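Written out below as structure tokens is the structure these notes cover.
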Amino acid sequence: QTSDFMFFISAGLPTCRTVFRLGFGRSSVRNYRRPQVTQRQMASVSMSQYDATQLELMAEECILVDDNDNVIGHDSKKNCHLNELIRTKGMLHRAFSVFLFNSRRELLLQQRAAEKITFPLMWTNTCCSHPLFVEPEMETADHIGVKRAAQRKLHHELGIPPEQVPLDAFNFLTRIHYKAETDETWGEHEIDYILFAQRDVDISPNKNEVNDVKYVSVAELDELVASTRRGEKAVQLTPWFRMIIENGLLHKYWDLLDNLKSAVEPDTIHRF
């Protein structure tokens, strides 16, 4: 039962690929197929204006799922985020959102970099990304695959050493299913795993991923959200972050930070 999880360096940044020596789950990975995408559907999408490093990441393979989060296939991050394919093929992929708190119960926020293809310069929760279509990140027991992906991306985006966020530090709480558009071309359609963790960590943001970071208390976050509604601050929040706030999930779990096990909803998918 072996699978080699390998990292390659490109443009000074880690990207994730996988080389398999499969002893388990061979058929479960290899039997999945990409959906058919026609040249007509892709022809109108020009990528020349985007950041080269972000374009390389668009080749990563995301996990396609049905409305109940059952794996049905895989496709590139690029295809998974094209509004045309979301609309015409209903592409839905698996994602995660990490909410990392320090010992003072403050939540770490990040502002996405200007180089990001989707939702650039918007403020959001600590880290938002995707488990990849690779054995280690598809393992379902205790949501360990999603937790591995979260640990990988916290290091990639924020420079947080993996040993400071061990896998058992992540608390899976629930899932949300949402759809949102960045612009006419790009959007999201995800089943998003909500992961909470409370650790004091060292942060060294990757400027190609993160423009800024800040810790906020409950009161400071509430004021930030209220000020955006009043138009007093030129701050935008990502749609998934705003949904989690406005539907009461963030404050519910934040209140239970010392007793998160009581809040776990293993079979629930909130539809927004």
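Residues are named by chain letter and number: chains run A, B, ... in the order of the structure tokens, numbers start at 1 in each chain, and ligands are numbered from 1 in the order shown.
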Spatial neighbours of segment 149-153 of chain A, max dist 10 Å, only C-alpha atoms, sep filter under 2 positions, as a PyMOL selection string: chain A and resi 14-16+95-98+127-132+136-138+144-147+155-167+169-170+195
Distance query segment 58-72 of chain A at most 9 Å, only C-alpha atoms, self and fewer than 5 positions along chain excluded, as a VMD selection string: chain A and resid 15 to 17 32 to 34 53 77 to 80 91 to 95 130 to 134 138 177 190 to 191 269
Those same residues, written as a PDB file, in the first residue's frame with N, CA and C atoms?
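Okay, part_13.pdb is ready:
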ATOM      1  N   THR A  15       4.455  23.082  -6.694  1.00  0.00           N
ATOM      2  CA  THR A  15       3.214  22.589  -7.270  1.00  0.00           C
ATOM      3  C   THR A  15       3.171  21.098  -7.023  1.00  0.00           C
ATOM      4  N   CYS A  16       1.989  20.565  -6.980  1.00  0.00           N
ATOM      5  CA  CYS A  16       1.828  19.196  -6.537  1.00  0.00           C
ATOM      6  C   CYS A  16       1.505  18.287  -7.704  1.00  0.00           C
ATOM      7  N   ARG A  17       2.294  17.231  -7.850  1.00  0.00           N
ATOM      8  CA  ARG A  17       1.968  16.171  -8.772  1.00  0.00           C
ATOM      9  C   ARG A  17       2.115  14.870  -8.007  1.00  0.00           C
ATOM     10  N   TYR A  32     -11.992   6.505 -13.263  1.00  0.00           N
ATOM     11  CA  TYR A  32     -12.677   7.772 -13.457  1.00  0.00           C
ATOM     12  C   TYR A  32     -12.256   8.399 -14.770  1.00  0.00           C
ATOM     13  N   ARG A  33     -13.170   9.156 -15.366  1.00  0.00           N
ATOM     14  CA  ARG A  33     -12.907   9.751 -16.666  1.00  0.00           C
ATOM     15  C   ARG A  33     -13.139  11.257 -16.629  1.00  0.00           C
ATOM     16  N   ARG A  34     -12.411  11.935 -17.533  1.00  0.00           N
ATOM     17  CA  ARG A  34     -12.699  13.353 -17.761  1.00  0.00           C
ATOM     18  C   ARG A  34     -13.993  13.478 -18.550  1.00  0.00           C
ATOM     19  N   THR A  53       2.535  31.759 -13.379  1.00  0.00           N
ATOM     20  CA  THR A  53       2.512  30.787 -12.285  1.00  0.00           C
ATOM     21  C   THR A  53       1.098  30.320 -11.991  1.00  0.00           C
ATOM     22  N   LYS A  77      -8.200  22.134 -13.192  1.00  0.00           N
ATOM     23  CA  LYS A  77      -8.685  23.285 -12.429  1.00  0.00           C
ATOM     24  C   LYS A  77      -9.245  24.336 -13.376  1.00  0.00           C
ATOM     25  N   LYS A  78      -8.607  24.510 -14.526  1.00  0.00           N
ATOM     26  CA  LYS A  78      -9.096  25.464 -15.521  1.00  0.00           C
ATOM     27  C   LYS A  78     -10.525  25.132 -15.934  1.00  0.00           C
ATOM     28  N   ASN A  79     -10.751  23.905 -16.388  1.00  0.00           N
ATOM     29  CA  ASN A  79     -12.087  23.530 -16.849  1.00  0.00           C
ATOM     30  C   ASN A  79     -13.125  23.618 -15.738  1.00  0.00           C
ATOM     31  N   CYS A  80     -12.731  23.249 -14.527  1.00  0.00           N
ATOM     32  CA  CYS A  80     -13.672  23.259 -13.396  1.00  0.00           C
ATOM     33  C   CYS A  80     -14.143  24.669 -13.051  1.00  0.00           C
ATOM     34  N   MET A  91     -20.490  21.138 -14.059  1.00  0.00           N
ATOM     35  CA  MET A  91     -19.265  20.711 -13.370  1.00  0.00           C
ATOM     36  C   MET A  91     -19.262  21.172 -11.916  1.00  0.00           C
ATOM     37  N   LEU A  92     -19.067  20.225 -11.033  1.00  0.00           N
ATOM     38  CA  LEU A  92     -19.050  20.458  -9.591  1.00  0.00           C
ATOM     39  C   LEU A  92     -17.822  19.761  -9.036  1.00  0.00           C
ATOM     40  N   HIS A  93     -17.005  20.487  -8.277  1.00  0.00           N
ATOM     41  CA  HIS A  93     -15.772  19.884  -7.777  1.00  0.00           C
ATOM     42  C   HIS A  93     -15.660  20.040  -6.264  1.00  0.00           C
ATOM     43  N   ARG A  94     -14.778  19.248  -5.697  1.00  0.00           N
ATOM     44  CA  ARG A  94     -14.561  19.247  -4.249  1.00  0.00           C
ATOM     45  C   ARG A  94     -13.555  20.335  -3.875  1.00  0.00           C
ATOM     46  N   ALA A  95     -13.795  20.991  -2.749  1.00  0.00           N
ATOM     47  CA  ALA A  95     -12.928  22.075  -2.280  1.00  0.00           C
ATOM     48  C   ALA A  95     -12.857  22.030  -0.750  1.00  0.00           C
ATOM     49  N   HIS A 130      -8.359  23.283  -3.209  1.00  0.00           N
ATOM     50  CA  HIS A 130      -8.963  22.037  -3.651  1.00  0.00           C
ATOM     51  C   HIS A 130      -8.064  20.846  -3.326  1.00  0.00           C
ATOM     52  N   PRO A 131      -8.650  19.762  -2.833  1.00  0.00           N
ATOM     53  CA  PRO A 131      -7.900  18.508  -2.855  1.00  0.00           C
ATOM     54  C   PRO A 131      -7.756  18.083  -4.311  1.00  0.00           C
ATOM     55  N   LEU A 132      -6.641  17.450  -4.646  1.00  0.00           N
ATOM     56  CA  LEU A 132      -6.378  17.067  -6.024  1.00  0.00           C
ATOM     57  C   LEU A 132      -6.755  15.613  -6.272  1.00  0.00           C
ATOM     58  N   PHE A 133      -6.852  15.273  -7.548  1.00  0.00           N
ATOM     59  CA  PHE A 133      -7.206  13.918  -7.940  1.00  0.00           C
ATOM     60  C   PHE A 133      -5.954  13.042  -7.861  1.00  0.00           C
ATOM     61  N   VAL A 134      -5.501  12.835  -6.635  1.00  0.00           N
ATOM     62  CA  VAL A 134      -4.356  11.981  -6.330  1.00  0.00           C
ATOM     63  C   VAL A 134      -4.723  11.154  -5.106  1.00  0.00           C
ATOM     64  N   MET A 138      -7.461  11.917  -1.896  1.00  0.00           N
ATOM     65  CA  MET A 138      -8.786  11.348  -2.128  1.00  0.00           C
ATOM     66  C   MET A 138      -9.196  10.391  -1.013  1.00  0.00           C
ATOM     67  N   HIS A 177     -22.452  23.624  -0.362  1.00  0.00           N
ATOM     68  CA  HIS A 177     -22.555  23.529  -1.823  1.00  0.00           C
ATOM     69  C   HIS A 177     -23.005  24.896  -2.323  1.00  0.00           C
ATOM     70  N   GLU A 190     -18.782  24.417  -6.154  1.00  0.00           N
ATOM     71  CA  GLU A 190     -18.019  23.565  -5.256  1.00  0.00           C
ATOM     72  C   GLU A 190     -18.882  22.934  -4.170  1.00  0.00           C
ATOM     73  N   ILE A 191     -18.432  21.765  -3.736  1.00  0.00           N
ATOM     74  CA  ILE A 191     -18.796  21.256  -2.420  1.00  0.00           C
ATOM     75  C   ILE A 191     -17.564  21.464  -1.554  1.00  0.00           C
ATOM     76  N   ILE A 269     -24.850  18.592   3.952  1.00  0.00           N
ATOM     77  CA  ILE A 269     -24.305  19.509   2.946  1.00  0.00           C
ATOM     78  C   ILE A 269     -25.258  20.703   2.889  1.00  0.00           C
TER      79      ILE A 269
END
Take atom CA of Ile194 of chain A and atom CA of Trp240 of chain A and report the distance between them in Å, one decimal. 10.8 Å
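Near Glu84 of chain A, within 10 Å and counting only C-alpha atoms, sit Gln41, Met42, Val45, Asn79, Cys80, His81, Leu82, Ile86, Arg87, Thr88, Lys89, Gly90, Met91, Glu184, Thr185, Trp186 and Gly187 of chain A; same-chain residues fewer than 2 positions away were not included.
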Could you pull out the strand (DSSP E or B) residues of segment 50-154 of chain A, going by DSSP on the backbone, and write them as number ranges by chain? A: 61-65, 71-76, 82, 93-101, 107-112, 123-124, 127-129, 132
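Of note, atom CA of Gln110 of chain A and atom CA of Thr124 of chain A are spaced 5.6 Å apart.
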Using DSSP secondary structure from the backbone, list all helix (DSSP H, G or I) positions within segment 46-230 of chain A, as a PyMOL selection string. chain A and resi 52-57+77-80+83-89+135-138+141-158+162-164+167-169+218-230
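Nearest-residue note for Met47 of chain A: choosing from A:Ile117, A:Lys214, A:Glu188, A:Thr182, the minimum distance belongs to A:Ile117, counting only C-alpha atoms.
Proximity to Asp192 of chain A was assessed for A:Ala226, A:Val213, A:Ile244, A:Ala113 counting only C-alpha atoms; the smallest distance is recorded for A:Ile244.
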Hey, what's within 7 Å of Asn208 of chain A if we count only C-alpha atoms and toss same-chain stuff fewer than 2 positions away? As a list of chain:residue names, please? A:Ala113, A:Glu115, A:Asn206, A:Val210
Write the residues of the selection above to a file with N, CA and C atoms, as a PDB file, in the first residue's frame.
ATOM      1  N   ALA A 113      -4.183  37.443  -3.810  1.00  0.00           N
ATOM      2  CA  ALA A 113      -3.262  38.250  -4.617  1.00  0.00           C
ATOM      3  C   ALA A 113      -3.934  38.767  -5.882  1.00  0.00           C
ATOM      4  N   GLU A 115      -2.713  38.525  -8.679  1.00  0.00           N
ATOM      5  CA  GLU A 115      -2.424  37.562  -9.743  1.00  0.00           C
ATOM      6  C   GLU A 115      -3.443  36.435  -9.837  1.00  0.00           C
ATOM      7  N   ASN A 206       3.132  33.796   0.439  1.00  0.00           N
ATOM      8  CA  ASN A 206       3.571  33.704  -0.947  1.00  0.00           C
ATOM      9  C   ASN A 206       2.872  34.836  -1.706  1.00  0.00           C
ATOM     10  N   VAL A 210      -1.046  35.548  -2.030  1.00  0.00           N
ATOM     11  CA  VAL A 210      -1.644  36.322  -0.941  1.00  0.00           C
ATOM     12  C   VAL A 210      -1.088  37.743  -0.955  1.00  0.00           C
TER      13      VAL A 210
END
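Counting from atom CA of Val264 of chain A, the distance to atom CA of Asn171 of chain A is 8.4 Å.
Minimum atom-to-atom distance to Asp212 of chain A, evaluated using only C-alpha atoms, belongs to A:Met122 out of A:Arg104, A:Gln54, A:Asp168, A:Met122.
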Closest of A:Val218, A:Leu173, A:Leu55, A:Ile203 to Leu107 of chain A - atom-to-atom distances counting only C-alpha atoms: A:Val218
